Amino acid sequence: MKQIPGTELLIKALREEGVDTVFGYPGGMVTDIFDELYNQDDIRLILPRHEQALVHEADGYARSTGKIGVCLVTSGPGATNTVTGIATAYYDSVPLLVLTGQVPCNLIGNDAFQEADIIGITRSICKYGLILKKREDLGRVLKEAFYIAQTGKPGPVIIDLPKDVMAQLGDSVYPDTVDIRGYKPSTGVHIGQLKKGIDLLKNAKKPLFLIGGGVNIAHAHEELTKLVEKTHIPVVTTIMGKGALDTDHPYYVGNIGMHGCYAGNMAISDCDVLFSIGTRFSDRVTSKISDFAKHAKIVHIDIDSSSISRNIVVDVPIVADAKEAIQAMLRYVKEADTAEWMNQIHAWADAHPLHMKKGHGITPEAIIQAINEHKENAIVVTDVGQHQMWTTQYLQMDASTRLLTSGGMGTMGYGLPGAVGAQLANPDKTVFCITGDGGMQMNIQEMATAVAEELPIVICIFNNHYLGMVRQMQALFYRRHYSGVCTRRRKTCPPRCGGPSSICPDYTPDFVKLADSYGCLGLRVQEEDQIKPALEQALANKKGPTIIEFVIACDDLVFPMVQGGKALNDMILDC
């Protein structure tokens, strides 16, 4: 049998797994692997400008395609820089393979140059992690890594590759099958449990579907639509579940949770059966647990058994893939009489519609409504902050639209690199990056990656000169003590500041000039009638990214808002 080095078997494995893109940053312990990548033409190598952004780019690639995102970094700081990206993917169930270089085996544990125990560091934020100690295990370990990352509840897998092991000769066989003792992800639906949940729906007067990100991960948009249209049961979503049902569907109510719509939060609080599919019931969704759906029997379908009854104790637990469960439900469910219940929901929506007050300048709602005109065949990637919440409130979605955002981890800096990964994976789609002035600067170096790859991303910066989400909490709950949130602040500013005034310094950086320095188009929008022309100019620019800086008011807040620890029906609607 032919003997080949580990580096060559690695590339063979990537090919056989259908990998067409690797996001990699070189360094001493992975130079041999990069040399092997140089010798082939069917795997595209993307060079980001920072390892954190590299993982976010692989994440955006994976979320937008359903395929695994592959990362390659060197040891030490190269590996430790990936930690935030790995955690982001882990909490949002994104399939990644993170390959990290490691010092030779004889140096491990000796504080060698650029040595770090990346497996120990990431143990709690990855689905699986392993350091490769024997060359003969390489093929099996890689095959298992791909399988684990993509099956069951998806997630990141980390394989640490010592330089000497990868240089060793060994067999050239890459396995065809996987048999992992102790890892047998659920593939079926327990029909008996499912029928128990359906029986509760049959007797409900106020039934409600709560749809989470698991339905989007399972690509069950079509099946969910059929289920809703067959049962006439209204739907609310988590942020990660938005888009699982068209937002203009007559039975779609809206998002729930901390910044959920009034009607959605009231429906959760008043329903008598809550049928939940693919959500973890995080604190941002439930708020005060003792008051969450307290009048309801709760059914919970999730692929991860450990997520069921962990935060909210449920009446009917069902461990299953969301798509398979919905397909099975379609065989048994019947139309429900929800006319009176829908009238109540519509009354709540009419009493407190999602709408921003028209003040001075342009509103985020107006910007997103303009983006909605171009939503067909589009991917919208957000960063984290107020702009993220406004996007999840006002973005209109159908089967052709995808929303990518950091939900569980809430990672600032995700937006731009996530958009880079999504555009690389989907060159035929329009990609919008909606970010804030704070989040944009956390991975702003990826402008160079976007320019180098000639990616026509439309980057919409909502610039309110503050770290807006924290400022909002300080405005509402901390007596307007704006500590550490003003992004215009200089050393010469007064020690305490109650808000902007005529003596405030200019904002740094100038995003239009910054765009020019990267060799791309930069626009600034300060009036509402400039929004559509700016978007049209950006969409016409196919040679590279466009930055549009939307200057918005610093005191625009996201409403409704549920203060932490309060019940969902106890919403702040204005201030």
# chains A, B, ... in the order shown; residues from 1 in each chain; ligands from 1
>>> residues_around(residues="Gln393 (chain A)", least_positions_apart="5", cutoff="8 Å", atoms="only C-alpha atoms", output="PyMOL selection string")
chain A and resi 254-255+260-261+354
>>> closest_atom_pairs(of="region 64-137 of chain A", to="region 213-230 of chain A", cutoff="9 Å", atoms="only C-alpha atoms", output="JSON lines")
{"residue": "A:Gly66", "atom": "CA", "partner": "A:Ile217", "partner_atom": "CA", "distance": 7.6}
{"residue": "A:Asp92", "atom": "CA", "partner": "A:Gly213", "partner_atom": "CA", "distance": 8.0}
{"residue": "A:Ser93", "atom": "CA", "partner": "A:Ile217", "partner_atom": "CA", "distance": 8.2}
{"residue": "A:Val94", "atom": "CA", "partner": "A:Ile217", "partner_atom": "CA", "distance": 8.6}
>>> residues_around(residues="Ala116 (chain A)", least_positions_apart="4", cutoff="8 Å", atoms="only C-alpha atoms", output="PyMOL selection string")
chain A and resi 75-77+79-80+102
>>> select_by_dssp(residues="region 135-241 of chain A", states="strand (DSSP E)", output="list in words")
Pro156, Val157, Ile158, Ile159, Asp160, Leu161, Pro162, Leu169, Gly170, Asp171, Pro207, Leu208, Phe209, Leu210, Ile211, Val235, Val236 and Thr237 of chain A
>>> closest_residue(among="A:Val333, A:Leu476, A:Ala87, A:Leu514", to="Leu573 (chain A)", atoms="only C-alpha atoms")
A:Leu476
>>> select_by_dssp(residues="region 457-563 of chain A", states="helix (DSSP H, G or I)", output="PyMOL selection string")
chain A and resi 468-477+511-517+528-540
>>> write_last_selection(atoms="N, CA, C and O atoms", output="tab-separated table (two decimals), in the first residue's frame")
chain	number	residue	atom	x	y	z
A	468	GLY	N	-24.95	51.10	21.28
A	468	GLY	CA	-26.35	51.45	21.50
A	468	GLY	C	-27.11	50.54	22.45
A	468	GLY	O	-27.95	51.02	23.22
A	469	MET	N	-26.86	49.24	22.42
A	469	MET	CA	-27.64	48.34	23.27
A	469	MET	C	-27.34	48.59	24.75
A	469	MET	O	-28.26	48.61	25.59
A	470	VAL	N	-26.06	48.80	25.07
A	470	VAL	CA	-25.72	49.08	26.46
A	470	VAL	C	-26.22	50.47	26.85
A	470	VAL	O	-26.73	50.68	27.96
A	471	ARG	N	-26.09	51.43	25.93
A	471	ARG	CA	-26.60	52.77	26.21
A	471	ARG	C	-28.09	52.73	26.49
A	471	ARG	O	-28.59	53.46	27.36
A	472	GLN	N	-28.82	51.88	25.78
A	472	GLN	CA	-30.26	51.77	26.01
A	472	GLN	C	-30.53	51.31	27.45
A	472	GLN	O	-31.42	51.85	28.13
A	473	MET	N	-29.79	50.32	27.92
A	473	MET	CA	-29.97	49.86	29.30
A	473	MET	C	-29.61	50.94	30.29
A	473	MET	O	-30.29	51.12	31.32
A	474	GLN	N	-28.55	51.71	29.99
A	474	GLN	CA	-28.17	52.80	30.88
A	474	GLN	C	-29.22	53.90	30.90
A	474	GLN	O	-29.49	54.50	31.95
A	475	ALA	N	-29.86	54.16	29.75
A	475	ALA	CA	-30.90	55.18	29.67
A	475	ALA	C	-32.13	54.78	30.46
A	475	ALA	O	-32.75	55.61	31.15
A	476	LEU	N	-32.50	53.50	30.41
A	476	LEU	CA	-33.73	53.04	31.04
A	476	LEU	C	-33.57	52.66	32.50
A	476	LEU	O	-34.49	52.85	33.30
A	477	PHE	N	-32.39	52.09	32.86
A	477	PHE	CA	-32.26	51.48	34.18
A	477	PHE	C	-31.09	52.01	35.02
A	477	PHE	O	-30.96	51.63	36.18
A	511	PHE	N	-15.96	56.68	8.05
A	511	PHE	CA	-16.17	55.42	7.33
A	511	PHE	C	-16.11	55.58	5.81
A	511	PHE	O	-15.74	54.64	5.10
A	512	VAL	N	-16.44	56.75	5.31
A	512	VAL	CA	-16.35	56.97	3.86
A	512	VAL	C	-14.89	57.00	3.43
A	512	VAL	O	-14.50	56.39	2.42
A	513	LYS	N	-14.07	57.73	4.19
A	513	LYS	CA	-12.64	57.75	3.88
A	513	LYS	C	-12.01	56.38	4.10
A	513	LYS	O	-11.09	55.97	3.37
A	514	LEU	N	-12.50	55.66	5.11
A	514	LEU	CA	-11.98	54.32	5.36
A	514	LEU	C	-12.27	53.41	4.16
A	514	LEU	O	-11.39	52.65	3.73
A	515	ALA	N	-13.49	53.50	3.63
A	515	ALA	CA	-13.82	52.72	2.45
A	515	ALA	C	-12.87	53.05	1.31
A	515	ALA	O	-12.37	52.16	0.61
A	516	ASP	N	-12.61	54.34	1.12
A	516	ASP	CA	-11.71	54.76	0.05
A	516	ASP	C	-10.31	54.20	0.27
A	516	ASP	O	-9.64	53.80	-0.69
A	517	SER	N	-9.88	54.13	1.52
A	517	SER	CA	-8.54	53.60	1.80
A	517	SER	C	-8.43	52.12	1.45
A	517	SER	O	-7.34	51.62	1.17
A	528	GLU	N	-33.68	60.80	4.89
A	528	GLU	CA	-34.46	59.64	4.48
A	528	GLU	C	-34.53	59.49	2.97
A	528	GLU	O	-34.51	58.38	2.44
A	529	ASP	N	-34.58	60.61	2.24
A	529	ASP	CA	-34.69	60.51	0.78
A	529	ASP	C	-33.38	60.06	0.11
A	529	ASP	O	-33.34	59.84	-1.10
A	530	GLN	N	-32.33	59.90	0.91
A	530	GLN	CA	-31.05	59.41	0.38
A	530	GLN	C	-30.91	57.89	0.50
A	530	GLN	O	-29.98	57.31	-0.06
A	531	ILE	N	-31.83	57.25	1.25
A	531	ILE	CA	-31.67	55.83	1.56
A	531	ILE	C	-31.73	54.97	0.29
A	531	ILE	O	-30.80	54.20	0.00
A	532	LYS	N	-32.81	55.10	-0.47
A	532	LYS	CA	-32.99	54.25	-1.65
A	532	LYS	C	-31.93	54.49	-2.71
A	532	LYS	O	-31.37	53.52	-3.26
A	533	PRO	N	-31.59	55.74	-3.03
A	533	PRO	CA	-30.52	55.95	-4.02
A	533	PRO	C	-29.18	55.34	-3.59
A	533	PRO	O	-28.45	54.79	-4.43
A	534	ALA	N	-28.88	55.43	-2.28
A	534	ALA	CA	-27.62	54.85	-1.80
A	534	ALA	C	-27.63	53.33	-1.95
A	534	ALA	O	-26.63	52.73	-2.39
A	535	LEU	N	-28.73	52.69	-1.59
A	535	LEU	CA	-28.83	51.24	-1.74
A	535	LEU	C	-28.73	50.83	-3.19
A	535	LEU	O	-28.05	49.84	-3.53
A	536	GLU	N	-29.37	51.56	-4.08
A	536	GLU	CA	-29.32	51.23	-5.51
A	536	GLU	C	-27.91	51.40	-6.06
A	536	GLU	O	-27.45	50.59	-6.88
A	537	GLN	N	-27.20	52.43	-5.60
A	537	GLN	CA	-25.82	52.62	-6.04
A	537	GLN	C	-24.93	51.48	-5.55
A	537	GLN	O	-24.07	50.97	-6.28
A	538	ALA	N	-25.15	51.07	-4.30
A	538	ALA	CA	-24.37	49.96	-3.75
A	538	ALA	C	-24.66	48.66	-4.47
A	538	ALA	O	-23.74	47.88	-4.78
A	539	LEU	N	-25.91	48.38	-4.76
A	539	LEU	CA	-26.29	47.14	-5.44
A	539	LEU	C	-25.76	47.10	-6.87
A	539	LEU	O	-25.53	46.02	-7.42
A	540	ALA	N	-25.56	48.26	-7.47
A	540	ALA	CA	-25.02	48.31	-8.83
A	540	ALA	C	-23.51	48.10	-8.86
A	540	ALA	O	-22.93	47.82	-9.92
>>> residues_around(residues="region 379-392 of chain A", least_positions_apart="5", cutoff="7 Å", atoms="only C-alpha atoms", output="NGL selection string")
:A and (239 or 259 or 364-365 or 368 or 401-406 or 410-415 or 418-419 or 429-436 or 439 or 462 or 468-469 or 558)
>>> write_last_selection(atoms="C-alpha atoms", output="mmCIF file, in the first residue's frame")
data_model
loop_
_atom_site.group_PDB
_atom_site.id
_atom_site.type_symbol
_atom_site.label_atom_id
_atom_site.label_comp_id
_atom_site.auth_asym_id
_atom_site.auth_seq_id
_atom_site.Cartn_x
_atom_site.Cartn_y
_atom_site.Cartn_z
ATOM 1 C CA ILE A 239 -34.867 35.442 16.631
ATOM 2 C CA HIS A 259 -37.517 42.595 22.106
ATOM 3 C CA PRO A 364 -33.642 52.245 11.378
ATOM 4 C CA GLU A 365 -37.139 51.098 10.418
ATOM 5 C CA ILE A 368 -34.737 48.163 6.782
ATOM 6 C CA THR A 401 -34.405 35.176 2.150
ATOM 7 C CA ARG A 402 -31.934 34.093 4.834
ATOM 8 C CA LEU A 403 -31.041 35.818 8.089
ATOM 9 C CA LEU A 404 -27.692 35.018 9.678
ATOM 10 C CA THR A 405 -26.976 36.387 13.142
ATOM 11 C CA SER A 406 -25.179 35.468 16.349
ATOM 12 C CA GLY A 410 -24.355 37.506 20.962
ATOM 13 C CA THR A 411 -20.947 38.074 19.393
ATOM 14 C CA MET A 412 -20.109 41.612 18.332
ATOM 15 C CA GLY A 413 -17.828 41.478 15.322
ATOM 16 C CA TYR A 414 -19.720 38.615 13.648
ATOM 17 C CA GLY A 415 -21.461 40.701 10.984
ATOM 18 C CA GLY A 418 -20.166 36.345 8.495
ATOM 19 C CA ALA A 419 -21.224 38.266 5.398
ATOM 20 C CA LYS A 429 -27.112 36.109 -4.069
ATOM 21 C CA THR A 430 -27.291 39.648 -2.725
ATOM 22 C CA VAL A 431 -25.634 39.846 0.690
ATOM 23 C CA PHE A 432 -26.421 42.673 3.090
ATOM 24 C CA CYS A 433 -24.332 43.178 6.207
ATOM 25 C CA ILE A 434 -26.242 45.206 8.800
ATOM 26 C CA THR A 435 -23.895 46.328 11.533
ATOM 27 C CA GLY A 436 -23.278 49.078 14.056
ATOM 28 C CA GLY A 439 -19.477 45.928 15.833
ATOM 29 C CA PHE A 462 -26.051 52.114 11.636
ATOM 30 C CA GLY A 468 -26.349 51.451 21.503
ATOM 31 C CA MET A 469 -27.640 48.343 23.273
ATOM 32 C CA VAL A 558 -35.616 49.268 20.597
#
>>> residues_around(residues="Thr31 (chain A)", least_positions_apart="6", cutoff="12 Å", atoms="only C-alpha atoms", output="JSON list (two decimals) with all heavy atoms, in the first residue's frame")
[["chain", "number", "residue", "atom", "x", "y", "z"],
["A", 7, "THR", "N", -0.18, 15.15, 5.85],
["A", 7, "THR", "CA", -0.68, 16.34, 5.16],
["A", 7, "THR", "C", -1.41, 15.99, 3.88],
["A", 7, "THR", "O", -2.45, 16.57, 3.55],
["A", 7, "THR", "CB", 0.48, 17.30, 4.85],
["A", 7, "THR", "OG1", 1.50, 16.57, 4.13],
["A", 7, "THR", "CG2", 1.09, 17.88, 6.11],
["A", 24, "GLY", "N", -8.14, 29.75, 5.91],
["A", 24, "GLY", "CA", -6.89, 29.43, 6.58],
["A", 24, "GLY", "C", -5.98, 30.62, 6.81],
["A", 24, "GLY", "O", -5.95, 31.55, 6.00],
["A", 25, "TYR", "N", -5.25, 30.58, 7.93],
["A", 25, "TYR", "CA", -4.22, 31.58, 8.22],
["A", 25, "TYR", "C", -2.95, 30.83, 8.56],
["A", 25, "TYR", "O", -2.94, 30.02, 9.48],
["A", 25, "TYR", "CB", -4.65, 32.48, 9.38],
["A", 25, "TYR", "CG", -3.98, 33.83, 9.36],
["A", 25, "TYR", "CD1", -4.64, 34.95, 8.84],
["A", 25, "TYR", "CD2", -2.68, 34.00, 9.85],
["A", 25, "TYR", "CE1", -4.03, 36.19, 8.79],
["A", 25, "TYR", "CE2", -2.06, 35.23, 9.80],
["A", 25, "TYR", "CZ", -2.74, 36.32, 9.28],
["A", 25, "TYR", "OH", -2.12, 37.55, 9.23],
["A", 37, "LEU", "N", -1.79, 22.30, 0.20],
["A", 37, "LEU", "CA", -2.88, 23.02, -0.45],
["A", 37, "LEU", "C", -2.41, 23.72, -1.72],
["A", 37, "LEU", "O", -3.15, 23.83, -2.70],
["A", 37, "LEU", "CB", -3.48, 24.05, 0.52],
["A", 37, "LEU", "CG", -4.43, 23.51, 1.59],
["A", 37, "LEU", "CD1", -4.71, 24.58, 2.64],
["A", 37, "LEU", "CD2", -5.75, 23.04, 0.96],
["A", 38, "TYR", "N", -1.18, 24.19, -1.72],
["A", 38, "TYR", "CA", -0.61, 24.89, -2.87],
["A", 38, "TYR", "C", -0.52, 23.97, -4.09],
["A", 38, "TYR", "O", -0.61, 24.43, -5.23],
["A", 38, "TYR", "CB", 0.78, 25.42, -2.50],
["A", 38, "TYR", "CG", 1.46, 26.22, -3.58],
["A", 38, "TYR", "CD1", 1.19, 27.58, -3.73],
["A", 38, "TYR", "CD2", 2.38, 25.63, -4.45],
["A", 38, "TYR", "CE1", 1.82, 28.33, -4.71],
["A", 38, "TYR", "CE2", 3.02, 26.37, -5.44],
["A", 38, "TYR", "CZ", 2.74, 27.72, -5.57],
["A", 38, "TYR", "OH", 3.36, 28.46, -6.53],
["A", 72, "LEU", "N", -8.49, 26.46, 9.17],
["A", 72, "LEU", "CA", -7.12, 25.97, 9.35],
["A", 72, "LEU", "C", -6.27, 27.09, 9.91],
["A", 72, "LEU", "O", -6.11, 28.14, 9.28],
["A", 72, "LEU", "CB", -6.55, 25.49, 8.01],
["A", 72, "LEU", "CG", -5.08, 25.05, 8.00],
["A", 72, "LEU", "CD1", -4.84, 23.88, 8.94],
["A", 72, "LEU", "CD2", -4.64, 24.70, 6.57],
["A", 73, "VAL", "N", -5.74, 26.88, 11.13],
["A", 73, "VAL", "CA", -4.90, 27.89, 11.78],
["A", 73, "VAL", "C", -3.69, 27.23, 12.42],
["A", 73, "VAL", "O", -3.66, 26.03, 12.61],
["A", 73, "VAL", "CB", -5.69, 28.67, 12.85],
["A", 73, "VAL", "CG1", -6.88, 29.40, 12.24],
["A", 73, "VAL", "CG2", -6.15, 27.75, 13.98],
["A", 74, "THR", "N", -2.72, 28.04, 12.76],
["A", 74, "THR", "CA", -1.52, 27.53, 13.38],
["A", 74, "THR", "C", -1.71, 27.39, 14.89],
["A", 74, "THR", "O", -2.78, 27.66, 15.44],
["A", 74, "THR", "CB", -0.31, 28.41, 13.05],
["A", 74, "THR", "OG1", 0.90, 27.71, 13.40],
["A", 74, "THR", "CG2", -0.35, 29.74, 13.78],
["A", 75, "SER", "N", -0.66, 26.98, 15.57],
["A", 75, "SER", "CA", -0.72, 26.73, 17.01],
["A", 75, "SER", "C", -0.68, 28.03, 17.81],
["A", 75, "SER", "O", -0.56, 29.12, 17.25],
["A", 75, "SER", "CB", 0.45, 25.84, 17.42],
["A", 75, "SER", "OG", 1.68, 26.52, 17.15],
["A", 100, "THR", "N", -6.32, 22.84, 13.93],
["A", 100, "THR", "CA", -5.30, 23.69, 14.54],
["A", 100, "THR", "C", -3.95, 22.99, 14.50],
["A", 100, "THR", "O", -3.85, 21.79, 14.77],
["A", 100, "THR", "CB", -5.66, 24.02, 16.00],
["A", 100, "THR", "OG1", -5.81, 22.81, 16.75],
["A", 100, "THR", "CG2", -6.97, 24.80, 16.07],
["A", 101, "GLY", "N", -2.93, 23.76, 14.18],
["A", 101, "GLY", "CA", -1.58, 23.21, 14.25],
["A", 101, "GLY", "C", -1.15, 23.07, 15.70],
["A", 101, "GLY", "O", -1.65, 23.75, 16.60],
["A", 102, "GLN", "N", -0.20, 22.18, 15.93],
["A", 102, "GLN", "CA", 0.33, 21.99, 17.28],
["A", 102, "GLN", "C", 1.82, 21.67, 17.19],
["A", 102, "GLN", "O", 2.30, 21.19, 16.16],
["A", 102, "GLN", "CB", -0.42, 20.86, 18.00],
["A", 102, "GLN", "CG", -0.05, 20.63, 19.44],
["A", 102, "GLN", "CD", -0.19, 21.88, 20.30],
["A", 102, "GLN", "OE1", 0.74, 22.71, 20.33],
["A", 102, "GLN", "NE2", -1.33, 22.03, 20.98],
["A", 161, "LEU", "N", -3.46, 19.16, 15.45],
["A", 161, "LEU", "CA", -2.58, 18.37, 14.59],
["A", 161, "LEU", "C", -1.11, 18.69, 14.87],
["A", 161, "LEU", "O", -0.57, 19.67, 14.37],
["A", 161, "LEU", "CB", -2.89, 18.66, 13.11],
["A", 161, "LEU", "CG", -4.34, 18.42, 12.67],
["A", 161, "LEU", "CD1", -4.55, 18.96, 11.26],
["A", 161, "LEU", "CD2", -4.69, 16.94, 12.74],
["A", 162, "PRO", "N", -0.42, 17.87, 15.67],
["A", 162, "PRO", "CA", 1.02, 18.09, 15.90],
["A", 162, "PRO", "C", 1.79, 18.01, 14.58],
["A", 162, "PRO", "O", 1.52, 17.16, 13.72],
["A", 162, "PRO", "CB", 1.41, 16.95, 16.84],
["A", 162, "PRO", "CG", 0.12, 16.57, 17.53],
["A", 162, "PRO", "CD", -0.94, 16.76, 16.49],
["A", 163, "LYS", "N", 2.77, 18.88, 14.45],
["A", 163, "LYS", "CA", 3.51, 19.00, 13.19],
["A", 163, "LYS", "C", 4.22, 17.70, 12.82],
["A", 163, "LYS", "O", 4.23, 17.30, 11.65],
["A", 163, "LYS", "CB", 4.52, 20.15, 13.31],
["A", 163, "LYS", "CG", 5.31, 20.42, 12.04],
["A", 163, "LYS", "CD", 6.23, 21.62, 12.23],
["A", 163, "LYS", "CE", 7.14, 21.85, 11.02],
["A", 163, "LYS", "NZ", 6.38, 22.22, 9.81],
["A", 164, "ASP", "N", 4.79, 17.00, 13.81],
["A", 164, "ASP", "CA", 5.55, 15.79, 13.49],
["A", 164, "ASP", "C", 4.63, 14.66, 13.05],
["A", 164, "ASP", "O", 4.97, 13.87, 12.15],
["A", 164, "ASP", "CB", 6.41, 15.36, 14.68],
["A", 164, "ASP", "CG", 5.60, 15.10, 15.94],
["A", 164, "ASP", "OD1", 4.55, 15.75, 16.12],
["A", 164, "ASP", "OD2", 6.03, 14.26, 16.77],
["A", 166, "MET", "N", 1.78, 14.96, 11.46],
["A", 166, "MET", "CA", 1.32, 15.24, 10.10],
["A", 166, "MET", "C", 2.41, 15.01, 9.06],
["A", 166, "MET", "O", 2.10, 14.80, 7.88],
["A", 166, "MET", "CB", 0.80, 16.67, 10.01],
["A", 166, "MET", "CG", -0.43, 16.93, 10.84],
["A", 166, "MET", "SD", -1.81, 15.83, 10.43],
["A", 166, "MET", "CE", -2.22, 16.43, 8.79],
["A", 167, "ALA", "N", 3.66, 15.03, 9.49],
["A", 167, "ALA", "CA", 4.77, 14.79, 8.54],
["A", 167, "ALA", "C", 5.05, 13.31, 8.34],
["A", 167, "ALA", "O", 5.72, 12.93, 7.37],
["A", 167, "ALA", "CB", 6.02, 15.51, 9.03]]
>>> residues_around(residues="Asp20 (chain A)", least_positions_apart="2", cutoff="9 Å", atoms="only C-alpha atoms", output="list in words")
Leu14, Arg15, Gly18, Val22, Asp42, Ile43, Arg44 and Leu45 of chain A
>>> closest_residue(among="A:Val165, A:Gln369, A:Leu132, A:Ile158", to="Asp32 (chain A)", atoms="only C-alpha atoms")
A:Val165
>>> atom_distance(atom1="CA of Ala336 (chain A)", atom2="CA of Val273 (chain A)")
12.3 Å
>>> closest_residue(among="A:Arg524, A:Arg135, A:Arg490, A:Lys288", to="Val562 (chain A)", atoms="only C-alpha atoms")
A:Lys288
>>> atom_distance(atom1="CA of Gln3 (chain A)", atom2="CA of Val70 (chain A)")
25.4 Å
>>> atom_distance(atom1="CA of Met447 (chain A)", atom2="CA of Gly522 (chain A)")
11.9 Å
>>> residues_around(residues="region 315-317 of chain A", least_positions_apart="6", cutoff="8 Å", atoms="only C-alpha atoms", output="list of chain:residue names")
A:Gln193, A:Lys196, A:Gly197, A:Lys297, A:Ile298, A:Val299, A:His300, A:Ile301, A:Ile308, A:Ser309
>>> closest_residue(among="A:Ala448, A:Cys460, A:Leu208, A:Ala347", to="Val525 (chain A)", atoms="only C-alpha atoms")
A:Cys460
>>> closest_residue(among="A:Asp283, A:Lys202, A:Ile277, A:Asp160", to="Met258 (chain A)", atoms="only C-alpha atoms")
A:Asp283
>>> closest_residue(among="A:Ala399, A:Asp248, A:Ile191, A:Val236", to="Ala325 (chain A)", atoms="only C-alpha atoms")
A:Ile191
>>> decode(residues="region 497-502 of chain A", atoms="all heavy atoms", output="compact mmCIF listing (two decimals), in the first residue's frame")
# COMPACT_ATOMS: atom_id res chain seq x y z
N CYS A 497 -20.81 62.58 31.24
CA CYS A 497 -21.49 63.18 30.10
C CYS A 497 -22.93 62.68 30.05
O CYS A 497 -23.17 61.47 30.17
CB CYS A 497 -20.77 62.82 28.81
SG CYS A 497 -21.58 63.41 27.31
N GLY A 498 -23.87 63.58 29.88
CA GLY A 498 -25.27 63.21 29.83
C GLY A 498 -25.79 63.00 28.43
O GLY A 498 -26.99 62.79 28.24
N GLY A 499 -24.95 63.10 27.44
CA GLY A 499 -25.39 62.92 26.06
C GLY A 499 -24.70 63.88 25.13
O GLY A 499 -23.90 64.72 25.56
N PRO A 500 -24.97 63.78 23.84
CA PRO A 500 -24.25 64.59 22.85
C PRO A 500 -24.60 66.08 22.96
O PRO A 500 -25.70 66.45 23.37
CB PRO A 500 -24.72 64.01 21.52
CG PRO A 500 -26.05 63.40 21.81
CD PRO A 500 -25.96 62.89 23.21
N SER A 501 -23.63 66.89 22.57
CA SER A 501 -23.85 68.34 22.53
C SER A 501 -23.00 68.92 21.41
O SER A 501 -22.27 68.20 20.71
CB SER A 501 -23.45 68.98 23.87
OG SER A 501 -22.05 68.94 24.05
N SER A 502 -23.06 70.23 21.25
CA SER A 502 -22.36 70.90 20.16
C SER A 502 -20.85 70.84 20.32
O SER A 502 -20.11 71.10 19.36
CB SER A 502 -22.81 72.37 20.07
OG SER A 502 -22.55 73.04 21.30
